[in-house]
Number of protein chains: 2
Amino acid sequence: MGGPPDPQELVEQARAGKQLAVARLISMVENAGPQLREVSAALTPYTGRAHVVGLTGSPGVGKSTSTSALVTELRARDRRVGVLAVDPSSPFSGGALLGDRVRMGEHAGDDGVFIRSMATRGHLGGLSWATPQALRVLDAAGCDVVVVETVGVGQSEVEIVGLADTTVVLLAPGMGDGIQAAKAGILEIGDVFAVNKADRDGARRTVRELRNMLHLREADGADAWEPPVLSTVASRAEGVDALADALDAHLAWAEKSGERDRRRRERTRREIEAIGMEQVRARMERVRGGAALEALTERVLAGDLDPWAAADELLEQSG
Amino acid sequence: MGGPPDPQELVEQARAGKQLAVARLISMVENAGPQLREVSAALTPYTGRAHVVGLTGSPGVGKSTSTSALVTELRARDRRVGVLAVDPSSPFSGGALLGDRVRMGEHAGDDGVFIRSMATRGHLGGLSWATPQALRVLDAAGCDVVVVETVGVGQSEVEIVGLADTTVVLLAPGMGDGIQAAKAGILEIGDVFAVNKADRDGARRTVRELRNMLHLREADGADAWEPPVLSTVASRAEGVDALADALDAHLAWAEKSGERDRRRRERTRREIEAIGMEQVRARMERVRGGAALEALTERVLAGDLDPWAAADELLEQSG
């Protein structure tokens, strides 16, 4: 591999469309390696441009098929596209299991597409921390659109996708339907809804139910955004042009209404917090090479100390 | 409500089986109120006894029906039982939506059962932080078994349940099947598997597939635990006695093998870390009444500062 890569040079290569440079940069931020700060500083001048699209839905609604079809559509519109798959059940992130290479293959060799799966089994809060870092790399690499695909359950996952510029909630007829979505708390985060597998029985009913449920959300005023409910058959690319149009329309609205600024501000605020918390976690683990945490753990287990007092001591020692 | 409740007295009332005292204690820890430390210290002498059972599976496999049936079975065995529902799609935690009261009703008036749903839409990492706190309350209240029910997707959710003394993975025939479970990473965390809705088509095949997949997990030695694959119809309480037996058998093995100690140690370690991180998050938000974080956020948005440098400044100021 030669010496350690120069972050500045990697960023330039990434901006020139080099897949390898993008991959290395993401690895460098994901692994929180020694060059992380340098990388982060090198990315900064180029960030803040990409349209961040969150795409979510229950397992089985066709998230990865939809993502793939959307990528194809956006490429036809000459957009540079990044994909971050945070979904553990996605073939993009599923590693060795099932169809992974097949799907990747659709976009392989296209240097206008960057696909990256996020490791979701890291430590506490790792996902909330690592996702915005990888997002910044794709943004700085010049992606016009970055699709963040997460499964629509799980606190971290819903939080991540809920702070996108535009959030797409996918549903399928007869499963993960409107009521399930409402229960999982993903109805309120959707800017655009798509009922996928719309060639199946019950699709119209699901669209209708969904529209009724959305009408119950209060409108915030005359210029409020009304989330469209689309029908797609992603496996045949049907309705995906309308989906891409809806993303553009929502972005235009969000720019004008100030909603995009609001979400970017909130994303950035949380990113700073997550980095701070991650720093502290790493420091806590390093106190006396981990021996401090181990000793405090034993004292809590023995009933000598409560975990709050233990955390206080550890923070004190790591300060 | 009178004055602020005395934590010591609340803990005694909770141990005497008073539902209201348990609920108040959990609220006090969940909301991280001013008496939190006092509560935590008062709980400490009584914790570490409960058998912590994680129960997980994809949406729709029948987690809450299974939990409810398991509670009934454990009550018949004269155990005191706590339930923490971390699952956003659970009727236990679903709030106003669907059947909530109906299910709660089954165990209402039984002062040997404590059911609590966790708010899952808190801030970053809130779930990882709050769940062990609530668990300590139920443990100290004298629960013999605490069932932590989470949906089997989502980083925080899988982490929480994966550190239980015994983890039950629920599946259903023809959906959320073995391969989905493998993809979601919940195959490796299961100590006991139950194919629920076993009266449906394909149940036998799912059991067989699952057994085959589990055989691929390496055995760690002669005294390794071999996860049983059970069949249940929770809605008719079928197979739930065998499930309760399997929980007991796994606990006995985990005690003997040292696995229970290992998991308790890891749970405690993460709990201390999560408390430390939460403390730091709260401190970061308090710097100049939140103005510091806001100002740093603006500078990052303007491209003047990268988020790492911003986090450093914030930590510095909050120290």
# chains A, B, ... in the order shown; residues from 1 in each chain; ligands from 1
>>> residues_around(residues="region 2-14 of chain B", least_positions_apart="5", cutoff="7 Å", atoms="only C-alpha atoms", output="list in words")
Gln19, Ala21, Val22, Glu38, Val39, Ala42, Leu43 and Ala141 of chain B
>>> write_last_selection(atoms="all heavy atoms", output="PDB file, in the first residue's frame")
ATOM      1  N   GLN B  19     -47.108  -1.216  42.522  1.00  0.00           N
ATOM      2  CA  GLN B  19     -46.946  -0.841  41.116  1.00  0.00           C
ATOM      3  C   GLN B  19     -46.556   0.625  40.956  1.00  0.00           C
ATOM      4  O   GLN B  19     -45.695   0.981  40.164  1.00  0.00           O
ATOM      5  CB  GLN B  19     -48.256  -1.059  40.342  1.00  0.00           C
ATOM      6  CG  GLN B  19     -48.694  -2.500  40.246  1.00  0.00           C
ATOM      7  CD  GLN B  19     -47.995  -3.245  39.115  1.00  0.00           C
ATOM      8  OE1 GLN B  19     -47.357  -2.638  38.269  1.00  0.00           O
ATOM      9  NE2 GLN B  19     -48.103  -4.556  39.123  1.00  0.00           N
ATOM     10  N   ALA B  21     -45.060   2.671  42.938  1.00  0.00           N
ATOM     11  CA  ALA B  21     -43.685   2.988  43.345  1.00  0.00           C
ATOM     12  C   ALA B  21     -42.704   2.598  42.239  1.00  0.00           C
ATOM     13  O   ALA B  21     -41.775   3.344  41.933  1.00  0.00           O
ATOM     14  CB  ALA B  21     -43.351   2.257  44.649  1.00  0.00           C
ATOM     15  N   VAL B  22     -42.933   1.429  41.635  1.00  0.00           N
ATOM     16  CA  VAL B  22     -42.066   0.984  40.527  1.00  0.00           C
ATOM     17  C   VAL B  22     -42.140   1.984  39.375  1.00  0.00           C
ATOM     18  O   VAL B  22     -41.120   2.416  38.831  1.00  0.00           O
ATOM     19  CB  VAL B  22     -42.471  -0.428  40.043  1.00  0.00           C
ATOM     20  CG1 VAL B  22     -41.680  -0.822  38.801  1.00  0.00           C
ATOM     21  CG2 VAL B  22     -42.276  -1.461  41.136  1.00  0.00           C
ATOM     22  N   GLU B  38     -29.647   9.564  43.860  1.00  0.00           N
ATOM     23  CA  GLU B  38     -30.156   9.028  45.119  1.00  0.00           C
ATOM     24  C   GLU B  38     -30.912   7.721  44.855  1.00  0.00           C
ATOM     25  O   GLU B  38     -30.746   6.743  45.576  1.00  0.00           O
ATOM     26  CB  GLU B  38     -31.109  10.061  45.719  1.00  0.00           C
ATOM     27  CG  GLU B  38     -30.871  10.396  47.177  1.00  0.00           C
ATOM     28  CD  GLU B  38     -31.926  11.383  47.638  1.00  0.00           C
ATOM     29  OE1 GLU B  38     -32.118  12.421  46.946  1.00  0.00           O
ATOM     30  OE2 GLU B  38     -32.587  11.102  48.635  1.00  0.00           O
ATOM     31  N   VAL B  39     -31.728   7.735  43.797  1.00  0.00           N
ATOM     32  CA  VAL B  39     -32.478   6.537  43.426  1.00  0.00           C
ATOM     33  C   VAL B  39     -31.513   5.411  43.101  1.00  0.00           C
ATOM     34  O   VAL B  39     -31.632   4.285  43.586  1.00  0.00           O
ATOM     35  CB  VAL B  39     -33.397   6.807  42.207  1.00  0.00           C
ATOM     36  CG1 VAL B  39     -33.990   5.502  41.683  1.00  0.00           C
ATOM     37  CG2 VAL B  39     -34.509   7.779  42.577  1.00  0.00           C
ATOM     38  N   ALA B  42     -29.958   3.961  46.075  1.00  0.00           N
ATOM     39  CA  ALA B  42     -30.909   3.201  46.880  1.00  0.00           C
ATOM     40  C   ALA B  42     -31.216   1.834  46.266  1.00  0.00           C
ATOM     41  O   ALA B  42     -31.542   0.872  46.960  1.00  0.00           O
ATOM     42  CB  ALA B  42     -32.207   3.999  47.059  1.00  0.00           C
ATOM     43  N   LEU B  43     -31.098   1.746  44.921  1.00  0.00           N
ATOM     44  CA  LEU B  43     -31.391   0.481  44.241  1.00  0.00           C
ATOM     45  C   LEU B  43     -30.258  -0.525  44.390  1.00  0.00           C
ATOM     46  O   LEU B  43     -30.481  -1.738  44.446  1.00  0.00           O
ATOM     47  CB  LEU B  43     -31.612   0.731  42.738  1.00  0.00           C
ATOM     48  CG  LEU B  43     -32.814   1.564  42.307  1.00  0.00           C
ATOM     49  CD1 LEU B  43     -32.720   1.855  40.812  1.00  0.00           C
ATOM     50  CD2 LEU B  43     -34.119   0.836  42.627  1.00  0.00           C
ATOM     51  N   ALA B 141     -36.759  -4.230  42.434  1.00  0.00           N
ATOM     52  CA  ALA B 141     -38.130  -4.397  42.928  1.00  0.00           C
ATOM     53  C   ALA B 141     -38.438  -5.863  43.235  1.00  0.00           C
ATOM     54  O   ALA B 141     -39.520  -6.187  43.707  1.00  0.00           O
ATOM     55  CB  ALA B 141     -39.134  -3.848  41.911  1.00  0.00           C
TER      56      ALA B 141
END
>>> residues_around(residues="Ala302 (chain A)", least_positions_apart="6", cutoff="10 Å", atoms="only C-alpha atoms", output="list in words")
Leu296 of chain A; Thr44, Pro45, Thr47 and Gly48 of chain B
>>> write_last_selection(atoms="all heavy atoms", output="PDB file, in the first residue's frame")
ATOM      1  N   LEU A 296     -13.840  -0.466  38.057  1.00  0.00           N
ATOM      2  CA  LEU A 296     -15.115   0.136  38.444  1.00  0.00           C
ATOM      3  C   LEU A 296     -16.272  -0.829  38.167  1.00  0.00           C
ATOM      4  O   LEU A 296     -17.219  -0.932  38.949  1.00  0.00           O
ATOM      5  CB  LEU A 296     -15.330   1.464  37.703  1.00  0.00           C
ATOM      6  CG  LEU A 296     -14.412   2.610  38.162  1.00  0.00           C
ATOM      7  CD1 LEU A 296     -14.413   3.748  37.154  1.00  0.00           C
ATOM      8  CD2 LEU A 296     -14.845   3.116  39.539  1.00  0.00           C
TER       9      LEU A 296
ATOM     10  N   THR B  44     -29.035   0.004  44.447  1.00  0.00           N
ATOM     11  CA  THR B  44     -27.839  -0.834  44.329  1.00  0.00           C
ATOM     12  C   THR B  44     -27.806  -2.090  45.190  1.00  0.00           C
ATOM     13  O   THR B  44     -27.500  -3.174  44.693  1.00  0.00           O
ATOM     14  CB  THR B  44     -26.577   0.028  44.519  1.00  0.00           C
ATOM     15  OG1 THR B  44     -26.526   0.947  43.422  1.00  0.00           O
ATOM     16  CG2 THR B  44     -25.297  -0.788  44.538  1.00  0.00           C
ATOM     17  N   PRO B  45     -28.155  -1.990  46.495  1.00  0.00           N
ATOM     18  CA  PRO B  45     -28.038  -3.208  47.315  1.00  0.00           C
ATOM     19  C   PRO B  45     -28.935  -4.356  46.847  1.00  0.00           C
ATOM     20  O   PRO B  45     -28.701  -5.507  47.215  1.00  0.00           O
ATOM     21  CB  PRO B  45     -28.485  -2.746  48.711  1.00  0.00           C
ATOM     22  CG  PRO B  45     -28.503  -1.271  48.691  1.00  0.00           C
ATOM     23  CD  PRO B  45     -28.616  -0.841  47.269  1.00  0.00           C
ATOM     24  N   THR B  47     -29.815  -5.106  43.560  1.00  0.00           N
ATOM     25  CA  THR B  47     -29.742  -5.476  42.143  1.00  0.00           C
ATOM     26  C   THR B  47     -28.820  -6.673  41.911  1.00  0.00           C
ATOM     27  O   THR B  47     -28.065  -7.060  42.784  1.00  0.00           O
ATOM     28  CB  THR B  47     -29.241  -4.295  41.283  1.00  0.00           C
ATOM     29  OG1 THR B  47     -28.023  -3.812  41.841  1.00  0.00           O
ATOM     30  CG2 THR B  47     -30.263  -3.182  41.243  1.00  0.00           C
ATOM     31  N   GLY B  48     -28.942  -7.239  40.714  1.00  0.00           N
ATOM     32  CA  GLY B  48     -28.048  -8.328  40.322  1.00  0.00           C
ATOM     33  C   GLY B  48     -28.660  -9.705  40.509  1.00  0.00           C
ATOM     34  O   GLY B  48     -27.984 -10.716  40.354  1.00  0.00           O
TER      35      GLY B  48
END
>>> residues_around(residues="region 259-276 of chain B", least_positions_apart="5", cutoff="6 Å", atoms="only C-alpha atoms", output="PyMOL selection string")
(chain A and resi 297+307+311) or (chain B and resi 129+163+165+254)
>>> residues_around(residues="Glu226 (chain A)", least_positions_apart="4", cutoff="9 Å", atoms="only C-alpha atoms", output="list in words")
Asp191, Val192, Leu214, His215 and Ala219 of chain A
>>> write_last_selection(atoms="C-alpha atoms", output="PDB file, in the first residue's frame")
ATOM      1  CA  ASP A 191     -41.615  13.756   3.086  1.00  0.00           C
ATOM      2  CA  VAL A 192     -42.390  11.418   0.213  1.00  0.00           C
ATOM      3  CA  LEU A 214     -51.487  11.690   6.261  1.00  0.00           C
ATOM      4  CA  HIS A 215     -54.512  13.970   6.130  1.00  0.00           C
ATOM      5  CA  ALA A 219     -50.954  21.182   7.855  1.00  0.00           C
TER       6      ALA A 219
END
>>> closest_residue(among="B:Leu315, B:Ala140, B:Leu25, B:Leu187", to="chain A", atoms="only C-alpha atoms")
B:Leu315
>>> atom_distance(atom1="CA of Ser318 (chain B)", atom2="CA of Leu305 (chain A)")
25.6 Å
>>> closest_residue(among="B:Arg80, B:Arg136, B:Arg204, B:Arg116", to="chain A", atoms="only C-alpha atoms")
B:Arg136
>>> residues_around(residues="Pro227 (chain A)", least_positions_apart="2", cutoff="10 Å", atoms="only C-alpha atoms", output="short mmCIF file (atom, residue, chain, number, x, y, z; two decimals) with N, CA and C atoms, in the first residue's frame")
data_model
loop_
_atom_site.label_atom_id
_atom_site.label_comp_id
_atom_site.auth_asym_id
_atom_site.auth_seq_id
_atom_site.Cartn_x
_atom_site.Cartn_y
_atom_site.Cartn_z
N VAL A 168 -37.70 9.57 2.33
CA VAL A 168 -38.65 8.73 1.60
C VAL A 168 -39.02 7.55 2.48
N GLY A 190 -41.80 11.03 7.10
CA GLY A 190 -41.80 10.94 5.64
C GLY A 190 -42.12 12.26 4.95
N ASP A 191 -41.31 12.62 3.95
CA ASP A 191 -41.62 13.76 3.09
C ASP A 191 -42.25 13.26 1.79
N VAL A 192 -41.86 12.06 1.42
CA VAL A 192 -42.39 11.42 0.21
C VAL A 192 -42.67 9.96 0.59
N PHE A 193 -43.85 9.48 0.21
CA PHE A 193 -44.19 8.09 0.48
C PHE A 193 -44.29 7.33 -0.83
N ARG A 211 -52.99 7.88 2.52
CA ARG A 211 -53.42 9.26 2.27
C ARG A 211 -54.34 9.74 3.39
N LEU A 214 -52.29 10.48 6.43
CA LEU A 214 -51.49 11.69 6.26
C LEU A 214 -52.35 12.94 6.38
N HIS A 215 -53.62 12.82 5.98
CA HIS A 215 -54.51 13.97 6.13
C HIS A 215 -54.72 14.33 7.59
N ALA A 224 -47.23 24.82 3.54
CA ALA A 224 -46.71 23.57 4.10
C ALA A 224 -46.53 22.55 2.98
N TRP A 225 -45.60 21.63 3.17
CA TRP A 225 -45.37 20.55 2.23
C TRP A 225 -46.40 19.46 2.43
N VAL A 229 -48.05 10.57 -2.08
CA VAL A 229 -48.04 9.12 -1.94
C VAL A 229 -47.96 8.51 -3.33
N LEU A 230 -46.80 7.97 -3.66
CA LEU A 230 -46.58 7.43 -5.01
C LEU A 230 -46.74 5.92 -5.02
N ALA A 246 -40.32 13.85 -7.37
CA ALA A 246 -40.80 14.25 -6.04
C ALA A 246 -39.64 14.67 -5.14
N HIS A 250 -39.41 18.31 -3.50
CA HIS A 250 -39.29 18.53 -2.07
C HIS A 250 -38.06 19.37 -1.74
#
>>> residues_around(residues="Asp199 (chain B)", least_positions_apart="2", cutoff="9 Å", atoms="only C-alpha atoms", output="list of chain:residue names")
B:Asn196, B:Lys197, B:Asp201, B:Gly202, B:Ala203, B:Ser231, B:Thr232, B:Val233
>>> residues_around(residues="Phe114 (chain B)", least_positions_apart="2", cutoff="12 Å", atoms="only C-alpha atoms", output="compact mmCIF listing (two decimals) with N, CA and C atoms, in the first residue's frame")
# COMPACT_ATOMS: atom_id res chain seq x y z
N ALA B 14 -41.59 -0.47 46.31
CA ALA B 14 -41.46 -1.26 45.08
C ALA B 14 -41.19 -2.72 45.43
N ARG B 15 -40.34 -2.94 46.41
CA ARG B 15 -40.01 -4.31 46.81
C ARG B 15 -41.21 -5.00 47.45
N GLY B 17 -44.05 -4.69 46.25
CA GLY B 17 -44.98 -5.00 45.16
C GLY B 17 -45.90 -3.86 44.75
N LYS B 18 -45.61 -2.64 45.18
CA LYS B 18 -46.46 -1.51 44.81
C LYS B 18 -46.13 -1.03 43.40
N GLN B 19 -47.11 -1.22 42.52
CA GLN B 19 -46.95 -0.84 41.12
C GLN B 19 -46.56 0.63 40.96
N LEU B 20 -47.23 1.47 41.72
CA LEU B 20 -47.03 2.90 41.57
C LEU B 20 -45.60 3.31 41.91
N ALA B 21 -45.06 2.67 42.94
CA ALA B 21 -43.68 2.99 43.34
C ALA B 21 -42.70 2.60 42.24
N VAL B 22 -42.93 1.43 41.64
CA VAL B 22 -42.07 0.98 40.53
C VAL B 22 -42.14 1.98 39.37
N ALA B 23 -43.38 2.37 39.03
CA ALA B 23 -43.57 3.31 37.92
C ALA B 23 -42.88 4.64 38.20
N ILE B 26 -39.07 4.28 37.88
CA ILE B 26 -38.62 4.21 36.48
C ILE B 26 -38.69 5.61 35.85
N SER B 68 -46.50 -11.86 26.48
CA SER B 68 -47.66 -11.96 27.35
C SER B 68 -47.89 -13.41 27.80
N VAL B 71 -45.28 -14.39 30.30
CA VAL B 71 -45.56 -13.81 31.61
C VAL B 71 -46.57 -14.67 32.36
N ARG B 75 -45.84 -16.60 35.79
CA ARG B 75 -46.65 -16.33 36.97
C ARG B 75 -47.20 -17.63 37.56
N ARG B 79 -43.26 -16.92 39.71
CA ARG B 79 -42.16 -15.96 39.60
C ARG B 79 -42.73 -14.55 39.52
N ARG B 80 -41.99 -13.63 40.05
CA ARG B 80 -42.32 -12.22 39.87
C ARG B 80 -41.69 -11.77 38.56
N VAL B 81 -42.45 -11.10 37.74
CA VAL B 81 -42.00 -10.83 36.38
C VAL B 81 -42.06 -9.35 36.03
N GLY B 82 -41.01 -8.84 35.42
CA GLY B 82 -41.02 -7.49 34.86
C GLY B 82 -40.91 -7.55 33.35
N VAL B 83 -41.52 -6.61 32.68
CA VAL B 83 -41.42 -6.52 31.21
C VAL B 83 -40.99 -5.10 30.84
N LEU B 84 -39.93 -5.00 30.06
CA LEU B 84 -39.53 -3.72 29.49
C LEU B 84 -39.71 -3.81 27.99
N ALA B 85 -40.68 -3.08 27.44
CA ALA B 85 -40.93 -3.15 26.00
C ALA B 85 -40.20 -1.99 25.32
N PHE B 92 -47.42 -2.95 23.80
CA PHE B 92 -47.06 -2.48 25.14
C PHE B 92 -46.54 -1.05 25.09
N MET B 104 -52.37 -5.09 28.17
CA MET B 104 -52.00 -4.76 29.53
C MET B 104 -53.00 -5.40 30.48
N HIS B 107 -52.79 -8.74 32.46
CA HIS B 107 -52.00 -8.86 33.68
C HIS B 107 -52.30 -7.75 34.68
N ALA B 108 -53.31 -6.95 34.37
CA ALA B 108 -53.66 -5.86 35.28
C ALA B 108 -54.18 -6.44 36.58
N GLY B 109 -53.88 -5.80 37.67
CA GLY B 109 -54.36 -6.27 38.96
C GLY B 109 -53.50 -7.37 39.54
N ASP B 110 -52.50 -7.83 38.79
CA ASP B 110 -51.57 -8.83 39.32
C ASP B 110 -50.34 -8.08 39.82
N ASP B 111 -50.16 -8.03 41.13
CA ASP B 111 -49.06 -7.22 41.63
C ASP B 111 -47.71 -7.94 41.57
N GLY B 112 -47.69 -9.09 40.90
CA GLY B 112 -46.42 -9.77 40.66
C GLY B 112 -45.92 -9.51 39.25
N ARG B 116 -43.55 -2.14 31.57
CA ARG B 116 -43.17 -0.76 31.29
C ARG B 116 -42.68 -0.64 29.85
N SER B 117 -43.18 0.36 29.16
CA SER B 117 -42.67 0.59 27.81
C SER B 117 -41.67 1.72 27.86
N ALA B 134 -33.84 1.39 33.78
CA ALA B 134 -35.16 0.85 34.10
C ALA B 134 -35.05 -0.61 34.56
N LEU B 135 -34.13 -1.32 33.93
CA LEU B 135 -33.88 -2.72 34.28
C LEU B 135 -33.47 -2.84 35.75
N VAL B 137 -34.29 -0.93 38.16
CA VAL B 137 -35.46 -0.71 39.02
C VAL B 137 -36.25 -2.02 39.16
N LEU B 138 -36.52 -2.68 38.04
CA LEU B 138 -37.31 -3.91 38.07
C LEU B 138 -36.56 -5.01 38.83
N ASP B 139 -35.27 -5.06 38.64
CA ASP B 139 -34.42 -6.02 39.35
C ASP B 139 -34.51 -5.78 40.86
N ALA B 141 -36.76 -4.23 42.43
CA ALA B 141 -38.13 -4.40 42.93
C ALA B 141 -38.44 -5.86 43.23
N GLY B 142 -37.48 -6.73 42.95
CA GLY B 142 -37.65 -8.13 43.31
C GLY B 142 -38.16 -9.02 42.20
N CYS B 143 -38.07 -8.56 40.95
CA CYS B 143 -38.49 -9.43 39.85
C CYS B 143 -37.53 -10.60 39.74
N ASP B 144 -38.09 -11.79 39.62
CA ASP B 144 -37.25 -12.97 39.40
C ASP B 144 -36.77 -13.01 37.96
N VAL B 145 -37.64 -12.57 37.07
CA VAL B 145 -37.33 -12.54 35.64
C VAL B 145 -37.71 -11.17 35.10
N VAL B 146 -36.84 -10.58 34.29
CA VAL B 146 -37.22 -9.36 33.56
C VAL B 146 -37.08 -9.65 32.07
N VAL B 147 -38.18 -9.53 31.35
CA VAL B 147 -38.16 -9.74 29.91
C VAL B 147 -37.97 -8.38 29.22
N VAL B 148 -36.91 -8.25 28.45
CA VAL B 148 -36.69 -7.04 27.68
C VAL B 148 -37.06 -7.35 26.24
>>> atom_distance(atom1="CA of Leu216 (chain A)", atom2="CA of Val61 (chain B)")
28.8 Å
>>> closest_residue(among="A:Glu238, A:Glu294, A:Glu209, A:Glu106", to="chain B", atoms="only C-alpha atoms")
A:Glu294
>>> closest_residue(among="A:Pro34, A:Gly239, A:Gly289, A:Gly60", to="chain B", atoms="only C-alpha atoms")
A:Gly60
>>> closest_residue(among="A:Leu170, A:Ala295, A:Ala252, A:Leu247", to="chain B", atoms="only C-alpha atoms")
A:Ala295
